[in-house]
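Trainee: Have a look at this one before I ask anything.
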Amino acid sequence: MAGSSSSFVAGLTVAALATVGFLAYQAQAGVPAGLGKPRASSSPAVSAAKGPREGTGPGALPAGSGTGVRVVYALDDDRVWLVGEGDTVKRTFRVTAGTVDPAPGVYSVTSRSNAVTGTDGAAIEHVVRFTNVQGVTIGFSAAVDGSTPRPNPTVRTGGIRESRADGAAMWDFATIGRTVAVLR
């Protein structure tokens, strides 16, 4: 009797692993472009060059930042815009970039974590990831202690730090699949 129950359990285990493998394959095959394999697209809707601002002031949305609901991240300005329907800026704020930047282009939010430890050892929350550069994950996050210090230049980090309030707004806005336009 013991031999047959262990054979039964082994059979169930094999069936479960096969099912999980099949579902993982199906899920990967059904993922929209840009989600499973984060990388910049060569979309003509977003300009890689630094463009003039649509409006006045340092918080004005850059021209050439695409269309539709999206997150816009300007590398040179260390600034983010959360853009709603009709190109309405819902929120804009300054960020502190990590030591590794994503290439200009269009990405999609690929994963999120409510709370983790950053590569710098800090407790972080509201992590919104959108690409990977040579093994370094790139995403937005807020330090639980509210700090936004400049990163150690000798450590490869992809965390783009926001204040806690801005991190909460990003978390609510940038769900899985949300477009992230990165500009120079």
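Following the order of the structure tokens, first chain is A, next is B, and so on, with residues numbered from 1 inside each chain and ligands from 1 in the order they appear.
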Output as a ChimeraX atom specification all residues of segment 102-179 of chain A that backbone DSSP marks as helix (DSSP H, G or I).
Mentor: /A:164-173
Trainee: Using only C-alpha atoms, which protein or nucleic acid residues come within 7 Å of segment 152-167 of chain A? Drop anything in the same chain fewer than 4 positions from it, and give the result as a PyMOL selection string.
Mentor: chain A and resi 95-101+119+126+136-143+146+148+171
Trainee: Those residues you just picked out, can you put them in a file as a PDB file, in the first residue's frame with N, CA, C and O atoms?
Mentor:
```
ATOM      1  N   VAL A  95      13.076  63.215  -9.485  1.00  0.00           N
ATOM      2  CA  VAL A  95      13.534  61.917  -9.004  1.00  0.00           C
ATOM      3  C   VAL A  95      15.052  61.934  -8.886  1.00  0.00           C
ATOM      4  O   VAL A  95      15.713  62.831  -9.409  1.00  0.00           O
ATOM      5  N   THR A  96      15.586  60.944  -8.204  1.00  0.00           N
ATOM      6  CA  THR A  96      17.027  60.749  -8.120  1.00  0.00           C
ATOM      7  C   THR A  96      17.335  59.441  -8.833  1.00  0.00           C
ATOM      8  O   THR A  96      16.887  58.373  -8.397  1.00  0.00           O
ATOM      9  N   ALA A  97      18.057  59.541  -9.943  1.00  0.00           N
ATOM     10  CA  ALA A  97      18.339  58.367 -10.767  1.00  0.00           C
ATOM     11  C   ALA A  97      19.401  57.485 -10.134  1.00  0.00           C
ATOM     12  O   ALA A  97      20.247  57.955  -9.367  1.00  0.00           O
ATOM     13  N   GLY A  98      19.366  56.206 -10.489  1.00  0.00           N
ATOM     14  CA  GLY A  98      20.418  55.277 -10.097  1.00  0.00           C
ATOM     15  C   GLY A  98      21.652  55.523 -10.955  1.00  0.00           C
ATOM     16  O   GLY A  98      21.736  56.522 -11.677  1.00  0.00           O
ATOM     17  N   THR A  99      22.588  54.612 -10.925  1.00  0.00           N
ATOM     18  CA  THR A  99      23.826  54.779 -11.693  1.00  0.00           C
ATOM     19  C   THR A  99      23.727  54.189 -13.095  1.00  0.00           C
ATOM     20  O   THR A  99      24.607  54.417 -13.912  1.00  0.00           O
ATOM     21  N   VAL A 100      22.674  53.427 -13.373  1.00  0.00           N
ATOM     22  CA  VAL A 100      22.468  52.834 -14.695  1.00  0.00           C
ATOM     23  C   VAL A 100      21.158  53.386 -15.256  1.00  0.00           C
ATOM     24  O   VAL A 100      20.109  53.259 -14.626  1.00  0.00           O
ATOM     25  N   ASP A 101      21.232  54.007 -16.439  1.00  0.00           N
ATOM     26  CA  ASP A 101      20.046  54.586 -17.070  1.00  0.00           C
ATOM     27  C   ASP A 101      19.505  53.665 -18.156  1.00  0.00           C
ATOM     28  O   ASP A 101      20.285  53.010 -18.863  1.00  0.00           O
ATOM     29  N   THR A 119      18.983  47.601  -4.017  1.00  0.00           N
ATOM     30  CA  THR A 119      20.367  47.159  -4.209  1.00  0.00           C
ATOM     31  C   THR A 119      21.331  47.918  -3.304  1.00  0.00           C
ATOM     32  O   THR A 119      22.436  47.455  -3.051  1.00  0.00           O
ATOM     33  N   HIS A 126       6.671  50.537  -3.082  1.00  0.00           N
ATOM     34  CA  HIS A 126       6.044  50.972  -4.331  1.00  0.00           C
ATOM     35  C   HIS A 126       7.005  50.882  -5.510  1.00  0.00           C
ATOM     36  O   HIS A 126       7.199  51.842  -6.254  1.00  0.00           O
ATOM     37  N   VAL A 136      20.911  44.794 -14.745  1.00  0.00           N
ATOM     38  CA  VAL A 136      20.466  45.736 -13.717  1.00  0.00           C
ATOM     39  C   VAL A 136      19.000  46.087 -13.982  1.00  0.00           C
ATOM     40  O   VAL A 136      18.659  46.588 -15.048  1.00  0.00           O
ATOM     41  N   THR A 137      18.148  45.805 -13.012  1.00  0.00           N
ATOM     42  CA  THR A 137      16.721  46.102 -13.142  1.00  0.00           C
ATOM     43  C   THR A 137      16.494  47.592 -12.946  1.00  0.00           C
ATOM     44  O   THR A 137      17.020  48.198 -12.017  1.00  0.00           O
ATOM     45  N   ILE A 138      15.693  48.170 -13.842  1.00  0.00           N
ATOM     46  CA  ILE A 138      15.402  49.603 -13.803  1.00  0.00           C
ATOM     47  C   ILE A 138      13.944  49.794 -13.389  1.00  0.00           C
ATOM     48  O   ILE A 138      13.044  49.169 -13.959  1.00  0.00           O
ATOM     49  N   GLY A 139      13.725  50.657 -12.407  1.00  0.00           N
ATOM     50  CA  GLY A 139      12.369  50.933 -11.975  1.00  0.00           C
ATOM     51  C   GLY A 139      12.312  52.077 -10.982  1.00  0.00           C
ATOM     52  O   GLY A 139      13.329  52.543 -10.465  1.00  0.00           O
ATOM     53  N   PHE A 140      11.100  52.517 -10.729  1.00  0.00           N
ATOM     54  CA  PHE A 140      10.836  53.606  -9.793  1.00  0.00           C
ATOM     55  C   PHE A 140      10.575  53.017  -8.412  1.00  0.00           C
ATOM     56  O   PHE A 140       9.976  51.947  -8.286  1.00  0.00           O
ATOM     57  N   SER A 141      10.992  53.728  -7.364  1.00  0.00           N
ATOM     58  CA  SER A 141      10.735  53.275  -5.994  1.00  0.00           C
ATOM     59  C   SER A 141      10.902  54.440  -5.029  1.00  0.00           C
ATOM     60  O   SER A 141      11.461  55.472  -5.371  1.00  0.00           O
ATOM     61  N   ALA A 142      10.406  54.217  -3.817  1.00  0.00           N
ATOM     62  CA  ALA A 142      10.551  55.220  -2.754  1.00  0.00           C
ATOM     63  C   ALA A 142      11.170  54.547  -1.540  1.00  0.00           C
ATOM     64  O   ALA A 142      10.778  53.436  -1.170  1.00  0.00           O
ATOM     65  N   ALA A 143      12.153  55.196  -0.929  1.00  0.00           N
ATOM     66  CA  ALA A 143      12.740  54.676   0.305  1.00  0.00           C
ATOM     67  C   ALA A 143      11.728  54.858   1.431  1.00  0.00           C
ATOM     68  O   ALA A 143      11.081  55.905   1.534  1.00  0.00           O
ATOM     69  N   GLY A 146      12.014  57.831   3.414  1.00  0.00           N
ATOM     70  CA  GLY A 146      11.762  59.088   2.714  1.00  0.00           C
ATOM     71  C   GLY A 146      12.980  59.725   2.078  1.00  0.00           C
ATOM     72  O   GLY A 146      12.866  60.758   1.423  1.00  0.00           O
ATOM     73  N   THR A 148      16.206  60.402  -0.474  1.00  0.00           N
ATOM     74  CA  THR A 148      16.512  60.262  -1.899  1.00  0.00           C
ATOM     75  C   THR A 148      17.976  60.638  -2.139  1.00  0.00           C
ATOM     76  O   THR A 148      18.272  61.534  -2.931  1.00  0.00           O
ATOM     77  N   TRP A 171       2.653  54.279  -7.853  1.00  0.00           N
ATOM     78  CA  TRP A 171       2.108  52.949  -7.588  1.00  0.00           C
ATOM     79  C   TRP A 171       0.649  52.855  -8.052  1.00  0.00           C
ATOM     80  O   TRP A 171       0.255  51.882  -8.689  1.00  0.00           O
TER      81      TRP A 171
END
```
Trainee: Using only C-alpha atoms, which residues sit within 9 Å of Thr67 of chain A once same-chain residues fewer than 2 positions away are excluded, as a PyMOL selection string?
Mentor: chain A and resi 45-46+64-65+69-70+83+85-87
Trainee: From the options A:Pro151, A:Thr179, A:Thr131, A:Arg94, which residue's atoms come nearest to Val71 of chain A, counting only C-alpha atoms?
Mentor: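 Of the candidates, the smallest distance to Val71 of chain A is held by A:Thr179.
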Trainee: Please report, as a PyMOL selection string, each residue of segment 63-181 of chain A to which DSSP assigns strand (DSSP E) when run on this structure's backbone.
Mentor: chain A and resi 70-74+79-83+89-94+105-108+111-117+123-133+136-143+159-162+179-181
Trainee: Suppose you want the space between atom CA of Met170 of chain A and atom CA of Gly135 of chain A; what is it in Å?
Mentor: 23.6 Å
Trainee: May I ask which of the residues A:Gly68, A:Ala123, A:Thr175, A:Ala74 is the closest one to Phe93 of chain A, counting only C-alpha atoms?
Mentor: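 Using only C-alpha atoms, the shortest distance to Phe93 of chain A belongs to A:Ala74.
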Trainee: If I take atom CA of Ala63 of chain A and atom CA of Arg112 of chain A, how far is one from the other in Å, to one decimal?
Mentor: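 That distance, rounded to one decimal, is 28.1 Å.
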Trainee: Rounded to one decimal place, report the atom CA of Trp81 of chain A-atom CA of Thr117 of chain A distance in Å.
Mentor: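 Those two atoms sit 25.1 Å apart.
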